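Next comes protein-v5.tsv, a file with TSV, C-alpha atoms.
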chain	number	residue	atom	x	y	z
A	56	MET	CA	123.08	132.69	0.75
A	57	LYS	CA	124.37	131.80	4.21
A	58	PRO	CA	127.88	132.85	5.09
A	59	ALA	CA	130.27	129.91	5.42
A	60	THR	CA	130.74	128.78	8.98
A	61	ALA	CA	134.32	129.06	10.03
A	62	LEU	CA	135.89	125.75	10.99
A	63	PRO	CA	138.07	125.62	14.07
A	64	ALA	CA	141.72	126.12	13.30
A	65	GLN	CA	143.48	122.81	12.70
A	66	LYS	CA	146.39	122.25	15.02
A	67	ASN	CA	149.53	120.53	13.88
A	68	THR	CA	148.57	117.37	15.70
A	69	ARG	CA	150.80	114.31	15.85
A	70	ALA	CA	149.21	111.01	14.90
A	71	SER	CA	149.72	109.80	18.47
A	72	ASP	CA	147.52	112.69	19.70
A	73	ILE	CA	144.56	111.73	17.53
A	74	SER	CA	141.91	109.57	19.18
A	75	ASP	CA	140.90	106.32	17.56
A	76	SER	CA	139.16	104.90	20.62
A	77	GLN	CA	135.96	104.13	18.72
A	78	LEU	CA	137.90	102.22	16.08
A	79	ARG	CA	139.96	100.36	18.70
A	80	GLY	CA	136.68	98.91	19.92
A	81	LEU	CA	136.28	97.13	16.58
A	82	PHE	CA	137.96	93.76	16.13
A	83	GLY	CA	138.53	94.24	12.39
A	84	TYR	CA	140.34	97.53	12.95
A	85	ASN	CA	142.68	95.96	15.50
A	86	LEU	CA	143.29	92.97	13.26
A	87	LYS	CA	144.10	95.22	10.30
A	88	ARG	CA	146.44	97.43	12.32
A	89	SER	CA	148.21	94.37	13.75
A	90	PHE	CA	148.53	92.80	10.31
A	91	SER	CA	149.89	96.03	8.86
A	92	ALA	CA	152.62	96.16	11.50
A	93	LEU	CA	153.52	92.51	10.93
A	94	GLN	CA	153.41	92.86	7.15
A	95	VAL	CA	155.96	95.67	6.96
A	96	ASP	CA	158.52	93.64	8.87
A	97	LEU	CA	157.62	90.41	7.06
A	98	LEU	CA	158.20	92.01	3.68
A	99	GLU	CA	161.66	93.05	4.82
A	100	VAL	CA	162.42	89.54	6.13
A	101	LEU	CA	161.26	87.89	2.91
A	102	SER	CA	163.10	90.39	0.70
A	103	LYS	CA	166.37	88.86	1.93
A	104	PHE	CA	165.30	85.71	0.08
A	105	ASP	CA	163.97	87.60	-2.96
A	106	LEU	CA	160.45	86.56	-1.96
A	107	ARG	CA	157.16	88.27	-1.21
A	108	MET	CA	154.21	86.90	0.78
A	109	VAL	CA	152.35	85.11	-2.03
A	110	PRO	CA	155.41	83.40	-3.57
A	111	PHE	CA	156.54	82.41	-0.06
A	112	SER	CA	153.11	80.95	0.75
A	113	THR	CA	153.09	79.19	-2.61
A	114	LEU	CA	156.51	77.64	-2.01
A	115	VAL	CA	155.51	76.52	1.50
A	116	MET	CA	152.37	74.83	0.17
A	117	ILE	CA	154.30	73.05	-2.59
A	118	VAL	CA	156.97	71.82	-0.17
A	119	GLU	CA	154.29	70.62	2.24
A	120	ASN	CA	152.17	69.00	-0.50
A	121	PRO	CA	154.40	67.48	-3.20
A	122	GLY	CA	152.47	66.68	-6.35
A	123	LEU	CA	149.80	69.28	-5.60
A	124	ARG	CA	147.97	70.40	-8.74
A	125	GLN	CA	147.90	74.05	-9.76
A	126	SER	CA	144.11	74.19	-9.47
A	127	GLN	CA	144.23	72.73	-5.95
A	128	LEU	CA	146.88	75.24	-4.93
A	129	ALA	CA	144.89	78.16	-6.32
A	130	ASP	CA	141.85	77.04	-4.33
A	131	ALA	CA	143.86	76.45	-1.14
A	132	LEU	CA	145.47	79.89	-1.29
A	133	ALA	CA	142.31	81.61	-2.59
A	134	ILE	CA	144.22	83.01	-5.57
A	135	GLU	CA	142.80	83.46	-9.04
A	136	ARG	CA	144.36	80.83	-11.32
A	137	PRO	CA	145.84	83.29	-13.83
A	138	ASN	CA	147.51	85.18	-10.95
A	139	LEU	CA	148.92	81.94	-9.57
A	140	VAL	CA	150.42	81.06	-12.95
A	141	VAL	CA	152.50	84.26	-12.81
A	142	VAL	CA	153.79	83.29	-9.35
A	143	LEU	CA	154.55	79.74	-10.46
A	144	ASP	CA	156.36	81.00	-13.57
A	145	ALA	CA	158.64	83.11	-11.38
A	146	LEU	CA	159.36	80.25	-8.97
A	147	GLU	CA	160.04	77.93	-11.88
A	148	ARG	CA	162.42	80.44	-13.53
A	149	ARG	CA	164.36	80.51	-10.26
A	150	GLU	CA	164.46	76.70	-10.39
A	151	LEU	CA	162.67	76.44	-7.05
A	152	ILE	CA	159.80	74.30	-8.35
A	153	THR	CA	158.96	71.99	-11.22
A	154	ARG	CA	155.65	71.56	-13.01
A	155	ASP	CA	155.12	68.09	-14.43
A	156	ARG	CA	152.12	66.94	-16.40
A	157	VAL	CA	149.87	64.58	-14.50
A	158	PRO	CA	149.83	61.31	-16.49
A	159	THR	CA	146.11	60.72	-15.84
A	160	ASP	CA	145.12	64.29	-16.77
A	161	ARG	CA	147.32	65.90	-19.39
A	162	ARG	CA	145.73	69.30	-18.72
A	163	ALA	CA	146.90	69.31	-15.11
A	164	TYR	CA	150.35	69.96	-13.65
A	165	ALA	CA	151.78	68.45	-10.47
A	166	LEU	CA	153.97	70.84	-8.52
A	167	ARG	CA	157.13	69.84	-6.70
A	168	ALA	CA	159.90	71.79	-4.99
A	169	THR	CA	163.42	71.28	-6.27
A	170	LEU	CA	166.38	70.83	-3.94
A	171	ALA	CA	167.02	74.58	-4.25
A	172	GLY	CA	163.33	75.17	-3.44
A	173	HIS	CA	163.55	73.02	-0.32
A	174	GLN	CA	166.70	74.80	0.80
A	175	LEU	CA	165.20	78.25	0.28
A	176	PHE	CA	162.03	77.15	2.05
A	177	GLU	CA	164.02	76.00	5.10
A	178	LYS	CA	165.92	79.29	5.40
A	179	ALA	CA	162.96	81.56	4.68
A	180	TYR	CA	160.61	79.62	6.95
A	181	ARG	CA	163.02	79.85	9.89
A	182	ALA	CA	163.36	83.59	9.27
A	183	VAL	CA	159.56	84.00	9.23
A	184	GLN	CA	159.27	82.01	12.46
A	185	THR	CA	161.85	84.32	14.07
A	186	HIS	CA	159.93	87.34	12.74
A	187	GLU	CA	156.68	86.07	14.27
A	188	ALA	CA	158.35	85.22	17.57
A	189	ARG	CA	159.48	88.85	17.92
A	190	TYR	CA	155.88	90.00	17.69
A	191	LEU	CA	154.40	87.27	19.85
A	192	ASP	CA	156.95	87.30	22.67
A	193	ARG	CA	154.71	89.52	24.80
A	194	LEU	CA	152.00	86.86	24.78
A	195	THR	CA	151.89	83.90	27.11
A	196	THR	CA	151.63	80.40	25.65
A	197	ALA	CA	147.95	80.34	26.60
A	198	GLU	CA	147.37	83.71	24.87
A	199	ARG	CA	149.13	82.50	21.71
A	200	GLU	CA	147.02	79.36	21.65
A	201	ALA	CA	143.82	81.37	22.23
A	202	LEU	CA	144.74	83.83	19.48
A	203	SER	CA	145.54	81.05	17.04
A	204	SER	CA	142.30	79.24	17.88
A	205	ALA	CA	140.22	82.41	17.50
A	206	LEU	CA	141.80	83.29	14.15
A	207	ASN	CA	141.26	79.75	12.87
A	208	LYS	CA	137.59	79.91	13.89
A	209	ILE	CA	137.14	83.21	12.08
A	210	ARG	CA	138.84	81.81	8.98
A	211	ALA	CA	136.68	78.65	9.14
A	212	THR	CA	133.53	80.80	9.26
A	213	PHE	CA	134.72	82.67	6.17
A	214	GLU	CA	135.55	79.43	4.35
A	215	GLU	CA	132.19	77.84	5.25
A	216	THR	CA	130.18	80.81	4.01
A	217	GLY	CA	132.37	81.36	0.95
A	218	GLU	CA	132.39	85.10	1.51

Rewrite the structure from the file as structure tokens, please.
Amino acid sequence: MKPATALPAQKNTRASDISDSQLRGLFGYNLKRSFSALQVDLLEVLSKFDLRMVPFSTLVMIVENPGLRQSQLADALAIERPNLVVVLDALERRELITRDRVPTDRRAYALRATLAGHQLFEKAYRAVQTHEARYLDRLTTAEREALSSALNKIRATFEETGE
């Protein structure tokens, strides 16, 4: 049996001293790290409105698309329908949305924001815009437009392939 090779002693290295140069060459890594930084702050912003990302996105979609059906919303947000029902139940309990049967299809529900839902949307949306502006203020208008365009193209590729 071979004797175990001694490993070099591990220094107490700070995270900032550890190289991730190979990973920083990967787009997905940079996107994930950027999203993680944004997400932490976004969760704090939304918590002031007793919201999280998925309920916020759900409320925005309902405000923007009155009468949207639950199945359409689930598809648009890429959320499993049973998971969406839980989100909708919570928004409905808070009296932020209503679910009304669609007269032509009694199995379907049309979603609408209540006055309270519209008011919360306005406040929360402005707060999210302010949050994003803090992170994007280092970018020029042209860089923001390029970033938005690139991200939309990536998303479109994903949506076209269904992956």

Nearby residues (only C-alpha atoms) at most 12 Å from Leu128 in chain A, same-chain spacing under 6 positions excluded, as a PDB file with C-alpha atoms, in the coordinates of the input:
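Below is the file that was written, around_28.pdb:
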ATOM      1  CA  VAL A 109     152.350  85.110  -2.030  1.00  0.00           C
ATOM      2  CA  PRO A 110     155.410  83.400  -3.570  1.00  0.00           C
ATOM      3  CA  SER A 112     153.110  80.950   0.750  1.00  0.00           C
ATOM      4  CA  THR A 113     153.090  79.190  -2.610  1.00  0.00           C
ATOM      5  CA  LEU A 114     156.510  77.640  -2.010  1.00  0.00           C
ATOM      6  CA  VAL A 115     155.510  76.520   1.500  1.00  0.00           C
ATOM      7  CA  MET A 116     152.370  74.830   0.170  1.00  0.00           C
ATOM      8  CA  ILE A 117     154.300  73.050  -2.590  1.00  0.00           C
ATOM      9  CA  VAL A 118     156.970  71.820  -0.170  1.00  0.00           C
ATOM     10  CA  GLU A 119     154.290  70.620   2.240  1.00  0.00           C
ATOM     11  CA  ASN A 120     152.170  69.000  -0.500  1.00  0.00           C
ATOM     12  CA  PRO A 121     154.400  67.480  -3.200  1.00  0.00           C
ATOM     13  CA  GLY A 122     152.470  66.680  -6.350  1.00  0.00           C
ATOM     14  CA  ILE A 134     144.220  83.010  -5.570  1.00  0.00           C
ATOM     15  CA  GLU A 135     142.800  83.460  -9.040  1.00  0.00           C
ATOM     16  CA  ARG A 136     144.360  80.830 -11.320  1.00  0.00           C
ATOM     17  CA  ASN A 138     147.510  85.180 -10.950  1.00  0.00           C
ATOM     18  CA  LEU A 139     148.920  81.940  -9.570  1.00  0.00           C
ATOM     19  CA  VAL A 140     150.420  81.060 -12.950  1.00  0.00           C
ATOM     20  CA  VAL A 142     153.790  83.290  -9.350  1.00  0.00           C
ATOM     21  CA  LEU A 143     154.550  79.740 -10.460  1.00  0.00           C
ATOM     22  CA  ALA A 163     146.900  69.310 -15.110  1.00  0.00           C
ATOM     23  CA  TYR A 164     150.350  69.960 -13.650  1.00  0.00           C
ATOM     24  CA  ALA A 165     151.780  68.450 -10.470  1.00  0.00           C
ATOM     25  CA  LEU A 166     153.970  70.840  -8.520  1.00  0.00           C
ATOM     26  CA  ARG A 167     157.130  69.840  -6.700  1.00  0.00           C
TER      27      ARG A 167
END

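Going from CA of Leu81 in chain A to CA of His186 in chain A covers 25.9 Å.
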
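Picture a line from CA of Leu98 in chain A to CA of Asp144 in chain A; it runs 20.5 Å.
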
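CA of Leu151 in chain A is positioned 5.3 Å from CA of Thr169 in chain A.
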
Kindly assemble as JSON lines a list of the range 136-158 of chain A residues that lie within 9 Å of range 170-182 of chain A, each paired with its nearest atom pair and their distance in Å to one decimal, using all atoms listed in the file, sorted first by chain and then by ascending residue number.
{"residue": "A:Leu146", "atom": "CA", "partner": "A:Gly172", "partner_atom": "CA", "distance": 8.5}
{"residue": "A:Arg149", "atom": "CA", "partner": "A:Gly172", "partner_atom": "CA", "distance": 8.7}
{"residue": "A:Glu150", "atom": "CA", "partner": "A:Ala171", "partner_atom": "CA", "distance": 7.0}
{"residue": "A:Leu151", "atom": "CA", "partner": "A:Gly172", "partner_atom": "CA", "distance": 3.9}
{"residue": "A:Ile152", "atom": "CA", "partner": "A:Gly172", "partner_atom": "CA", "distance": 6.1}

If you take all atoms listed in the file and a cut-off of 10 Å, which residues of range 71-162 of chain A touch range 187-198 of chain A, and what are their nearest atom pairs and distances in Å to one decimal, in chain and number order, as CSV?
residue,atom,partner,partner_atom,distance
A:Ser89,CA,A:Tyr190,CA,9.7
A:Ala92,CA,A:Tyr190,CA,9.3
A:Leu93,CA,A:Tyr190,CA,7.6
A:Asp96,CA,A:Glu187,CA,9.5
A:Leu97,CA,A:Glu187,CA,8.5
